[in-house]
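Coordinates from structure-v4.txt are shown below (compact mmCIF, C-alpha atoms (C1' of nucleotides)).
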```txt
# COMPACT_ATOMS: atom_id res chain seq x y z
CA MET A 1 132.66 117.49 93.35
CA SER A 2 134.60 119.32 90.67
CA ALA A 3 135.63 116.02 89.12
CA ALA A 4 131.95 115.10 88.89
CA HIS A 5 131.17 118.43 87.23
CA ARG A 6 133.95 117.86 84.75
CA ILE A 7 132.65 114.43 83.79
CA ILE A 8 129.10 115.70 83.26
CA GLU A 9 130.36 118.62 81.21
CA GLU A 10 132.31 116.32 78.94
CA GLU A 11 130.18 113.20 78.78
CA GLY A 12 126.70 114.18 79.90
CA LEU A 13 124.75 113.05 82.91
CA GLN A 14 124.76 109.42 81.86
CA GLY A 15 128.55 109.58 81.69
CA LEU A 16 128.69 110.21 85.40
CA THR A 17 128.83 106.87 87.16
CA MET A 18 130.17 106.06 90.58
CA ARG A 19 132.86 103.88 89.05
CA ARG A 20 133.83 106.50 86.47
CA LEU A 21 134.03 109.20 89.13
CA ALA A 22 136.13 106.95 91.36
CA ARG A 23 138.55 106.35 88.49
CA GLU A 24 138.73 110.11 87.90
CA VAL A 25 139.72 110.87 91.49
CA GLY A 26 142.00 107.85 91.76
CA ALA A 27 140.09 105.75 94.25
CA THR A 28 137.96 102.65 94.45
CA PRO A 29 134.26 103.04 93.70
CA MET A 30 133.54 102.10 97.30
CA ALA A 31 135.54 105.00 98.68
CA LEU A 32 132.82 107.35 97.39
CA TYR A 33 130.24 105.65 99.55
CA HIS A 34 132.01 106.95 102.57
CA HIS A 35 131.18 110.50 101.54
CA VAL A 36 127.69 110.10 100.05
CA HIS A 37 124.98 107.64 100.93
CA ASP A 38 124.15 106.81 97.33
CA LYS A 39 124.22 108.23 93.82
CA ASP A 40 121.08 110.31 94.36
CA GLU A 41 122.78 112.17 97.18
CA LEU A 42 125.74 112.87 94.93
CA LEU A 43 123.40 114.39 92.35
CA ARG A 44 121.65 116.50 94.97
CA LEU A 45 124.98 117.83 96.19
CA LEU A 46 125.98 118.58 92.61
CA LEU A 47 122.76 120.51 92.10
CA ASP A 48 123.18 122.56 95.27
CA ASP A 49 126.75 123.27 94.32
CA TYR A 50 125.75 124.71 90.97
CA ALA A 51 122.72 126.60 92.25
CA ALA A 52 124.80 128.41 94.85
CA GLY A 53 126.90 130.03 92.14
CA VAL A 54 124.11 131.22 89.87
CA PRO A 55 123.70 134.99 89.42
CA ARG A 56 120.51 136.74 90.52
CA PRO A 57 119.74 139.59 88.15
CA GLY A 58 118.18 142.76 89.54
CA PRO A 59 114.64 143.75 88.57
CA PRO A 60 114.08 145.52 85.24
CA GLY A 61 113.67 149.32 85.17
CA ASP A 62 110.71 151.03 86.79
CA SER A 63 109.25 151.89 83.43
CA ALA A 64 108.62 148.20 82.76
CA GLY A 65 105.09 146.89 83.30
CA PRO A 66 104.46 144.42 86.14
CA GLY A 67 104.42 141.52 83.70
CA GLU A 68 107.97 142.40 82.61
CA HIS A 69 109.25 141.45 86.06
CA VAL A 70 107.85 137.95 85.61
CA VAL A 71 109.29 137.70 82.11
CA ALA A 72 112.72 138.86 83.28
CA ALA A 73 112.85 136.30 86.10
CA ALA A 74 111.72 133.51 83.77
CA ILE A 75 114.38 134.38 81.21
CA ALA A 76 117.00 134.48 83.96
CA MET A 77 115.87 131.03 85.10
CA ARG A 78 116.13 129.68 81.57
CA ASP A 79 119.58 131.20 81.11
CA ALA A 80 120.78 129.72 84.38
CA LEU A 81 119.67 126.27 83.28
CA ALA A 82 120.41 126.38 79.56
CA GLY A 83 124.09 125.59 80.02
CA VAL A 84 123.39 122.72 82.41
CA PRO A 85 120.45 120.78 81.01
CA TRP A 86 121.42 117.76 83.14
CA ILE A 87 120.02 119.67 86.10
CA VAL A 88 116.53 119.47 84.64
CA GLU A 89 116.94 115.70 84.47
CA VAL A 90 118.02 115.60 88.08
CA LEU A 91 115.17 117.65 89.44
CA ARG A 92 112.56 115.41 87.91
CA ALA A 93 110.30 116.58 90.69
CA ASP A 94 107.83 119.38 90.25
CA ASP A 95 110.03 122.30 91.15
CA LEU A 96 113.43 123.79 91.50
CA MET A 97 114.41 122.21 94.74
CA SER A 98 117.68 123.58 95.84
CA VAL A 99 117.24 126.32 98.43
CA HIS A 100 119.52 128.47 96.33
CA ALA A 101 117.26 128.08 93.30
CA LEU A 102 114.09 129.09 95.12
CA TRP A 103 114.91 132.67 94.27
CA TYR A 104 113.23 132.13 90.89
CA PRO A 105 109.79 131.00 92.08
CA GLU A 106 109.95 133.61 94.83
CA THR A 107 110.61 136.40 92.35
CA ILE A 108 108.05 135.23 89.81
CA ILE A 109 105.33 134.75 92.43
CA ASP A 110 106.15 138.08 94.06
CA ALA A 111 105.95 139.93 90.74
CA ALA A 112 102.68 138.20 89.90
CA VAL A 113 101.09 139.14 93.23
CA ARG A 114 102.25 142.73 92.82
CA ALA A 115 100.64 142.67 89.37
CA GLY A 116 97.35 141.89 91.04
CA LEU A 117 97.06 138.10 90.94
CA ALA A 118 95.75 136.11 93.90
CA PRO A 119 98.42 133.94 95.57
CA GLU A 120 96.87 130.78 94.09
CA ALA A 121 96.89 132.26 90.60
CA ALA A 122 100.49 133.38 91.09
CA VAL A 123 101.53 129.83 91.98
CA ASP A 124 99.72 128.54 88.89
CA LEU A 125 101.56 131.08 86.76
CA TYR A 126 104.88 129.98 88.19
CA ARG A 127 104.18 126.29 87.61
CA ILE A 128 103.02 126.88 84.05
CA ILE A 129 106.20 128.83 83.38
CA TRP A 130 108.29 126.11 85.03
CA HIS A 131 106.75 123.33 82.96
CA TYR A 132 107.28 125.34 79.81
CA THR A 133 110.88 126.11 80.78
CA ALA A 134 111.73 122.52 81.70
CA GLY A 135 110.24 121.28 78.42
CA GLU A 136 112.08 123.85 76.36
CA ILE A 137 115.45 123.14 77.96
CA THR A 138 115.11 119.38 77.60
CA ALA A 139 114.10 119.72 73.95
CA ARG A 140 116.95 122.10 73.17
CA ALA A 141 119.50 119.86 74.86
CA ALA A 142 118.22 116.84 72.96
CA ALA A 143 118.29 118.73 69.67
CA ALA A 144 121.87 119.84 70.32
CA ARG A 145 122.93 116.28 71.14
CA GLN A 146 121.36 115.07 67.92
CA ARG A 147 122.94 117.82 65.83
CA GLU A 148 126.42 117.02 67.09
CA GLY A 149 125.76 113.34 66.56
CA GLY A 150 125.49 114.21 62.86
CA GLY A 151 123.88 111.89 60.37
CA PRO A 152 120.34 112.03 59.04
CA THR A 153 117.67 112.32 61.72
CA TYR A 154 114.67 110.07 61.91
CA ARG A 155 112.62 113.27 61.77
CA SER A 156 113.96 114.41 58.41
CA GLN A 157 113.28 110.92 57.08
CA VAL A 158 109.65 111.10 58.21
CA PHE A 159 109.25 114.60 56.80
CA ALA A 160 110.60 113.58 53.42
CA ASN A 161 107.79 111.03 53.01
CA LEU A 162 104.83 113.10 54.20
CA ASP A 163 101.42 112.37 52.74
CA ALA A 164 100.27 115.80 51.50
CA ALA A 165 96.65 114.67 51.42
CA GLU A 166 96.58 113.74 55.08
CA LEU A 167 98.97 116.33 56.50
CA PRO A 168 98.73 119.31 54.14
CA ARG A 169 100.08 121.99 56.50
CA LEU A 170 103.17 119.99 57.45
CA ALA A 171 103.78 118.93 53.85
CA GLU A 172 103.55 122.57 52.80
CA LEU A 173 106.10 123.57 55.44
CA GLY A 174 108.30 120.77 54.14
CA GLU A 175 111.99 121.51 54.29
CA ARG A 176 111.38 124.79 56.13
CA TRP A 177 110.50 122.77 59.24
CA GLU A 178 114.12 122.20 60.17
CA GLU A 179 114.92 125.92 59.93
CA LEU A 180 111.75 127.06 61.70
CA THR A 181 112.14 124.70 64.64
CA ALA A 182 115.77 125.70 65.13
CA ARG A 183 114.73 129.21 66.20
CA ASP A 184 114.77 130.24 69.84
CA THR A 185 111.17 130.96 70.75
CA TYR A 186 111.52 130.82 74.53
CA ASP A 187 110.94 134.53 75.10
CA LYS A 188 107.94 134.55 72.82
CA GLY A 189 106.46 131.71 74.84
CA VAL A 190 106.90 133.26 78.30
CA ARG A 191 105.57 136.57 77.06
CA ALA A 192 102.52 134.78 75.70
CA ILE A 193 101.93 133.03 79.02
CA VAL A 194 102.31 136.29 80.93
CA ARG A 195 100.08 138.13 78.48
CA GLY A 196 97.50 135.39 78.81
CA LEU A 197 97.51 135.21 82.61
CA VAL A 198 98.55 138.64 83.86
CA GLU A 199 97.83 141.24 81.24
CA ALA A 200 94.79 139.66 79.57
CA PRO A 201 93.66 137.22 82.25
CA PRO A 202 90.79 134.78 81.81
CA PRO A 203 87.29 136.15 82.53
CA GLY A 204 86.54 136.26 86.23
CA ALA A 205 90.15 135.96 87.33
CA ARG A 206 90.44 139.55 88.54
CA PRO A 207 87.45 140.65 90.60
CA MET B 1 106.08 94.09 71.41
CA SER B 2 103.25 93.50 73.86
CA ALA B 3 105.69 92.00 76.35
CA ALA B 4 107.72 95.21 76.13
CA HIS B 5 104.61 97.30 76.72
CA ARG B 6 103.74 95.17 79.73
CA ILE B 7 107.18 95.63 81.26
CA ILE B 8 107.11 99.41 80.81
CA GLU B 9 103.61 99.61 82.25
CA GLU B 10 104.67 97.70 85.35
CA GLU B 11 108.24 98.83 85.91
CA GLY B 12 108.69 102.04 83.94
CA LEU B 13 110.94 102.78 81.01
CA GLN B 14 114.11 102.00 82.92
CA GLY B 15 112.66 98.59 83.74
CA LEU B 16 112.70 97.71 80.07
CA THR B 17 116.05 96.16 79.26
CA MET B 18 116.98 93.84 76.46
CA ARG B 19 117.82 91.12 78.93
CA ARG B 20 114.62 91.60 80.90
CA LEU B 21 112.52 91.52 77.74
CA ALA B 22 114.29 88.39 76.56
CA ARG B 23 113.54 86.68 79.87
CA GLU B 24 109.88 87.73 79.52
CA VAL B 25 109.49 86.14 76.10
CA GLY B 26 111.60 83.11 77.00
CA ALA B 27 114.60 83.69 74.81
CA THR B 28 118.22 84.70 75.00
CA PRO B 29 118.98 88.41 74.96
CA MET B 30 120.72 87.92 71.63
CA ALA B 31 117.61 86.56 69.94
CA LEU B 32 116.12 90.05 70.12
CA TYR B 33 118.94 91.44 68.03
CA HIS B 34 117.66 89.40 65.13
CA HIS B 35 114.48 91.46 65.08
CA VAL B 36 115.77 94.92 65.99
CA HIS B 37 119.10 96.53 65.29
CA ASP B 38 119.51 97.94 68.78
CA LYS B 39 117.53 99.16 71.76
CA ASP B 40 116.75 102.51 70.15
CA GLU B 41 114.97 100.77 67.31
CA LEU B 42 112.94 98.79 69.82
CA LEU B 43 111.85 102.03 71.47
CA ARG B 44 110.94 103.59 68.13
CA LEU B 45 108.82 100.57 67.23
CA LEU B 46 107.13 100.75 70.61
CA LEU B 47 106.34 104.42 70.03
CA ASP B 48 104.88 103.81 66.57
CA ASP B 49 102.86 100.94 67.94
CA TYR B 50 101.25 103.13 70.57
CA ALA B 51 100.78 106.15 68.31
CA ALA B 52 98.88 104.09 65.73
CA GLY B 53 96.17 103.29 68.28
CA VAL B 54 95.60 106.78 69.66
CA PRO B 55 92.17 108.37 69.06
CA ARG B 56 91.81 111.55 67.00
CA PRO B 57 89.02 113.66 68.42
CA GLY B 58 86.86 115.67 66.03
CA PRO B 59 86.97 119.48 66.07
CA PRO B 60 84.92 121.33 68.69
CA GLY B 61 81.54 122.81 67.74
CA ASP B 62 81.21 125.64 65.25
CA SER B 63 80.34 128.10 67.95
CA ALA B 64 83.85 127.79 69.39
CA GLY B 65 86.35 130.53 68.59
CA PRO B 66 89.34 129.70 66.38
CA GLY B 67 91.56 129.50 69.44
CA GLU B 68 89.36 126.76 70.89
CA HIS B 69 90.42 124.45 68.07
CA VAL B 70 94.05 124.85 69.11
CA VAL B 71 93.18 124.32 72.77
CA ALA B 72 91.17 121.18 71.98
CA ALA B 73 93.99 119.62 69.96
CA ALA B 74 96.53 120.44 72.68
CA ILE B 75 94.37 118.87 75.37
CA ALA B 76 93.89 115.79 73.19
CA MET B 77 97.66 115.57 72.77
CA ARG B 78 98.19 115.82 76.51
CA ASP B 79 95.54 113.18 77.20
CA ALA B 80 97.09 110.83 74.67
CA LEU B 81 100.48 111.15 76.37
CA ALA B 82 99.44 111.41 80.02
CA GLY B 83 99.04 107.66 80.44
CA VAL B 84 102.35 106.90 78.77
CA PRO B 85 104.89 109.42 80.05
CA TRP B 86 107.74 107.14 78.98
CA ILE B 87 106.98 108.23 75.43
CA VAL B 88 108.07 111.76 76.23
CA GLU B 89 111.40 110.36 77.41
CA VAL B 90 111.78 108.42 74.19
CA LEU B 91 111.08 111.31 71.89
CA ARG B 92 113.67 113.49 73.49
CA ALA B 93 113.94 115.18 70.14
CA ASP B 94 112.10 118.35 69.33
CA ASP B 95 108.82 116.95 68.15
CA LEU B 96 106.38 114.13 68.05
CA MET B 97 108.09 111.96 65.56
CA SER B 98 105.92 109.06 64.73
CA VAL B 99 103.98 109.59 61.50
CA HIS B 100 100.84 108.63 63.39
CA ALA B 101 101.43 111.36 65.95
CA LEU B 102 101.85 114.13 63.40
CA TRP B 103 98.11 114.62 63.47
CA TYR B 104 98.59 116.86 66.51
CA PRO B 105 100.99 119.42 65.05
CA GLU B 106 99.01 119.34 61.78
CA THR B 107 95.76 120.14 63.58
CA ILE B 108 97.25 122.81 65.83
CA ILE B 109 99.07 124.54 62.97
CA ASP B 110 96.02 124.33 60.73
CA ALA B 111 93.79 125.87 63.39
CA ALA B 112 96.34 128.62 64.03
CA VAL B 113 96.60 129.52 60.35
CA ARG B 114 92.80 129.59 60.04
CA ALA B 115 92.79 131.90 63.03
CA GLY B 116 94.91 134.34 61.06
CA LEU B 117 98.50 133.53 62.07
CA ALA B 118 101.31 133.44 59.51
CA PRO B 119 102.72 129.92 58.95
CA GLU B 120 105.90 130.81 60.86
CA ALA B 121 103.89 132.10 63.82
CA ALA B 122 101.74 128.96 63.72
CA VAL B 123 104.83 126.76 63.94
CA ASP B 124 106.07 128.85 66.87
CA LEU B 125 102.72 128.40 68.61
CA TYR B 126 102.88 124.65 68.10
CA ARG B 127 106.42 124.39 69.45
CA ILE B 128 105.62 126.51 72.50
CA ILE B 129 102.63 124.29 73.22
CA TRP B 130 104.73 121.18 72.70
CA HIS B 131 107.48 122.31 75.10
CA TYR B 132 104.86 123.18 77.68
CA THR B 133 103.11 119.84 77.20
CA ALA B 134 106.31 117.80 77.39
CA GLY B 135 107.36 119.61 80.55
CA GLU B 136 104.00 119.19 82.19
CA ILE B 137 103.81 115.48 81.46
CA THR B 138 107.33 114.80 82.69
CA ALA B 139 106.72 116.74 85.89
CA ARG B 140 103.43 115.00 86.56
CA ALA B 141 104.94 111.57 85.97
CA ALA B 142 107.82 112.37 88.32
CA ALA B 143 105.45 113.68 90.98
CA ALA B 144 103.33 110.53 90.71
CA ARG B 145 106.41 108.32 91.03
CA GLN B 146 107.48 110.24 94.12
CA ARG B 147 104.03 110.08 95.70
CA GLU B 148 103.83 106.31 95.34
CA GLY B 149 107.38 106.02 96.64
CA GLY B 150 105.99 107.47 99.87
CA GLY B 151 108.24 108.89 102.54
CA PRO B 152 109.04 112.54 103.17
CA THR B 153 110.15 114.41 100.05
CA TYR B 154 113.28 116.50 99.88
CA ARG B 155 111.01 119.35 98.85
CA SER B 156 108.87 119.26 101.99
CA GLN B 157 112.09 119.21 104.01
CA VAL B 158 113.34 122.34 102.24
CA PHE B 159 109.98 124.06 102.61
CA ALA B 160 109.87 123.38 106.33
CA ASN B 161 113.11 125.34 106.84
CA LEU B 162 112.40 128.38 104.66
CA ASP B 163 113.96 131.68 105.63
CA ALA B 164 110.96 134.03 105.75
CA ALA B 165 113.21 137.07 105.43
CA GLU B 166 114.75 135.96 102.17
CA LEU B 167 111.81 134.13 100.61
CA PRO B 168 108.71 135.79 102.07
CA ARG B 169 106.20 134.72 99.41
CA LEU B 170 107.18 131.06 99.56
CA ALA B 171 107.31 131.09 103.36
CA GLU B 172 103.83 132.61 103.41
CA LEU B 173 102.52 129.90 101.10
CA GLY B 174 104.14 127.36 103.43
CA GLU B 175 102.24 124.13 103.77
CA ARG B 176 99.75 125.18 101.10
CA TRP B 177 102.46 124.62 98.48
CA GLU B 178 101.93 120.87 98.38
CA GLU B 179 98.20 121.28 97.83
CA LEU B 180 98.52 124.09 95.29
CA THR B 181 101.09 122.32 93.15
CA ALA B 182 99.03 119.12 93.08
CA ARG B 183 96.35 120.83 91.00
CA ASP B 184 96.03 120.16 87.29
CA THR B 185 96.73 123.48 85.59
CA TYR B 186 97.42 122.16 82.11
CA ASP B 187 94.29 123.62 80.51
CA LYS B 188 94.87 126.97 82.15
CA GLY B 189 98.36 127.01 80.65
CA VAL B 190 97.40 126.20 77.08
CA ARG B 191 94.56 128.68 77.17
CA ALA B 192 96.99 131.33 78.37
CA ILE B 193 99.41 130.54 75.56
CA VAL B 194 96.63 130.64 72.98
CA ARG B 195 95.22 133.84 74.44
CA GLY B 196 98.68 135.37 74.36
CA LEU B 197 99.51 134.36 70.79
CA VAL B 198 96.23 134.09 68.92
CA GLU B 199 93.59 136.15 70.63
CA ALA B 200 95.77 138.91 72.07
CA PRO B 201 98.90 138.60 69.94
CA PRO B 202 102.04 140.69 70.44
CA PRO B 203 102.07 144.12 68.82
CA GLY B 204 102.85 143.94 65.14
CA ALA B 205 102.15 140.24 64.80
CA ARG B 206 98.97 140.73 62.83
CA PRO B 207 99.36 143.36 60.11
C1' DA C 1 137.46 107.70 110.02
C1' DC C 2 138.64 106.29 105.66
C1' DC C 3 139.77 103.05 102.29
C1' DT C 4 140.26 98.33 99.68
C1' DG C 5 138.97 93.57 97.56
C1' DA C 6 135.85 90.51 96.40
C1' DA C 7 131.40 89.65 95.34
C1' DC C 8 126.31 90.05 93.75
C1' DA C 9 123.06 91.01 90.54
C1' DC C 10 122.67 93.52 86.86
C1' DC C 11 123.48 96.28 81.81
C1' DG C 12 124.02 96.61 75.97
C1' DT C 13 126.30 94.48 72.43
C1' DT C 14 129.60 91.52 69.47
C1' DC C 15 131.20 87.40 67.62
C1' DA C 16 131.42 82.69 66.40
C1' DA C 17 128.87 78.76 66.23
C1' DG C 18 124.76 75.92 65.77
C1' DT C 19 119.96 74.26 63.23
C1' DA D 1 116.40 82.79 58.85
C1' DC D 2 116.56 82.34 63.53
C1' DC D 3 118.64 81.20 67.74
C1' DT D 4 122.37 80.04 71.49
C1' DG D 5 126.83 80.38 74.45
C1' DA D 6 130.47 82.69 75.78
C1' DA D 7 132.58 86.81 76.19
C1' DC D 8 133.63 92.02 76.74
C1' DA D 9 133.25 96.10 78.95
C1' DC D 10 130.40 98.09 81.78
C1' DC D 11 126.67 99.41 86.00
C1' DG D 12 125.15 100.46 91.63
C1' DT D 13 125.75 98.61 95.93
C1' DT D 14 126.86 95.40 100.06
C1' DC D 15 129.82 93.21 103.13
C1' DA D 16 133.91 91.96 105.49
C1' DA D 17 138.36 93.26 106.13
C1' DG D 18 142.24 96.30 106.53
C1' DT D 19 144.93 100.89 108.47
```
Take the structure in this file and express it as structure tokens.
Amino acid sequence: MSAAHRIIEEEGLQGLTMRRLAREVGATPMALYHHVHDKDELLRLLLDDYAAGVPRPGPPGDSAGPGEHVVAAAIAMRDALAGVPWIVEVLRADDLMSVHALWYPETIIDAAVRAGLAPEAAVDLYRIIWHYTAGEITARAAAARQREGGGPTYRSQVFANLDAAELPRLAELGERWEELTARDTYDKGVRAIVRGLVEAPPPGARP
Amino acid sequence: MSAAHRIIEEEGLQGLTMRRLAREVGATPMALYHHVHDKDELLRLLLDDYAAGVPRPGPPGDSAGPGEHVVAAAIAMRDALAGVPWIVEVLRADDLMSVHALWYPETIIDAAVRAGLAPEAAVDLYRIIWHYTAGEITARAAAARQREGGGPTYRSQVFANLDAAELPRLAELGERWEELTARDTYDKGVRAIVRGLVEAPPPGARP
DNA sequence: ACCTGAACACCGTTCAAGT
DNA sequence: ACCTGAACACCGTTCAAGT
């Protein structure tokens, strides 16, 4: 298990192969199949292993509005995943599916219901936050990989040749694009979602 | 090119291999390397190819608020990608990076600026929408794959054994989870983001 | 119960050689 | 310019055999 973690840490998820892991622990590839049924099971075990060790922050102070509880849980979820973006690739399913990770949806849904949302609306809020979080983490991980790869990106090449007549806003942004898109806007995004669904909900959502 | 599209359509992105494509067009794997430098270039060509054919919807009616323009462009972007989730895997980078796809950020940023946002805030809005969109599409594609795979999901197994003391909200939701998370909440999400950033922006964002 | 060896059906890519 | 054959260094997984 720890050998598998080490490999992922150093070489990414695609670096973890059954054969590579076997080499790492000094055994034949086939020996692994005596402990897990297939590679998917190995990944699920890895996920559970990590999730069990993740910290669960307490709720924010009483002075915070009900929406702040949702925001705090979302940020905690992002922080827990930011260092291990491979997890997002593993749980390609809809939701965080280690029992140990269910604390996040539980907390977000609970805070949303306390804030006055119907259970259905609270689930929607959680899923919207999850999709946003998964997308943000994947994008950040990819950007980091590309940055360390060095060399000119395909993006910068495209941006250098923009047609100002057809894409005026982007052309105007020009070389600032790189700098602007490097900023961490996760918090801003969750707060917007919470503002839009809890604090300034759509008409008719709160009878 | 069309052979590659056909393979992806039928067997997913991981079904597209250089050797498989070569077999499809009746050539040696090595013949392909005379037309593309490596597999990444093939994927980039595939992306451009698709992006060039995507429709660009006109703006919504004049009666619509400024935020509606952003929402409409986001929904168009989602619709354009929903049928081809493999694209999201290919552009693992931060942004839609075919010249033909830049229409989406251009339109969203333009609408945001017209709505009164500063250029920086407009870029933030676009990126938040993009992360949300990428996450939603990936999750939906994964869910669809799992549904057609049939068989009991790991998720349903976890949900069946929930500890009601530790996770009361989720336990209460119980078997409704499957049904609730199957709903399409994309529009609700974008509208929330737009409401939170354009129509009810954070304090101090609009001097 | 736990492990190995050999094999099967795959990958992306390089290199030298052919027309 | 365009293609092939053979090779290299890999994959996940099965099956029969060993202790």
Show me, as a PyMOL selection string, the residues that have an atom within 9 Å of Leu43 (chain A) when counting only C-alpha atoms (C1' of nucleotides), minus same-chain residues fewer than 5 positions from it.
chain A and resi 48+87+90
Just want the 10 Å neighbourhood of Arg195 (chain B), counted on only C-alpha atoms (C1' of nucleotides), with same-chain residues fewer than 3 positions away dropped. Output as an MDAnalysis selection string.
(chainID A and resid 192:197 200:202) or (chainID B and resid 67:68 71 189:192 198:201)
Using Å and a single decimal, report how far CA of Leu162 (chain B) sits from CA of Val84 (chain A).
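Rounded to one decimal, the two atoms are 25.5 Å apart.
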Distance-based interface of chain A with chain D, 9 Å, counting all atoms listed in the file, as a tab-separated table (two decimals) with C-alpha atoms, keeping the file's coordinate frame:
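Final output, saved to out_3.tsv:
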```
chain	number	residue	atom	x	y	z
A	17	THR	CA	128.83	106.87	87.16
A	18	MET	CA	130.17	106.06	90.58
A	19	ARG	CA	132.86	103.88	89.05
A	30	MET	CA	133.54	102.10	97.30
A	38	ASP	CA	124.15	106.81	97.33
A	39	LYS	CA	124.22	108.23	93.82
```
All residues 10 Å or closer to region 79-82 of chain B, all atoms listed in the file, same chain fewer than 5 positions away omitted, as a PyMOL selection string
chain B and resi 50-51+53-56+73-74+87-88+101+133-134+136-138+140-141
Would you work out the distance separating CA of His5 (chain A) from CA of Leu46 (chain A), expressed in Å to one decimal?
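Atom-to-atom, CA of His5 (chain A) and CA of Leu46 (chain A) are spaced 7.5 Å apart.
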Calculated over all atoms listed in the file, which of the candidates B:Ala143, B:Ala171, B:Ala160, B:Ala4 has the smallest distance to chain A?
B:Ala143
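Candidate residues A:His69, A:His100, A:His35, A:Arg23 were compared for distance to chain B, and the nearest is A:His100, using all atoms listed in the file.
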Residue among B:Glu120, B:Glu178, B:Glu11, B:Ser2 lying closest to chain A, counting all atoms listed in the file
B:Glu120
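Taking CA of Gly58 (chain B) and CA of Trp103 (chain B) as endpoints, the distance between them is 11.6 Å.
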What are the centre and edge lengths in Å, to one decimal, of the axis-aligned box around all listed atoms of region 42-58 of chain B with 5 Å added on each side, as lines of an AutoDock Vina configuration file?
```
center_x = 99.9
center_y = 107.2
center_z = 68.6
size_x = 36.1
size_y = 26.9
size_z = 15.7
```
Out of B:Gly135, B:Pro29, B:Gly116, B:Gly61, which residue has the shortest atom-to-atom distance to chain A when counting only C-alpha atoms?
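Under the stated criterion, the closest residue is B:Gly135.
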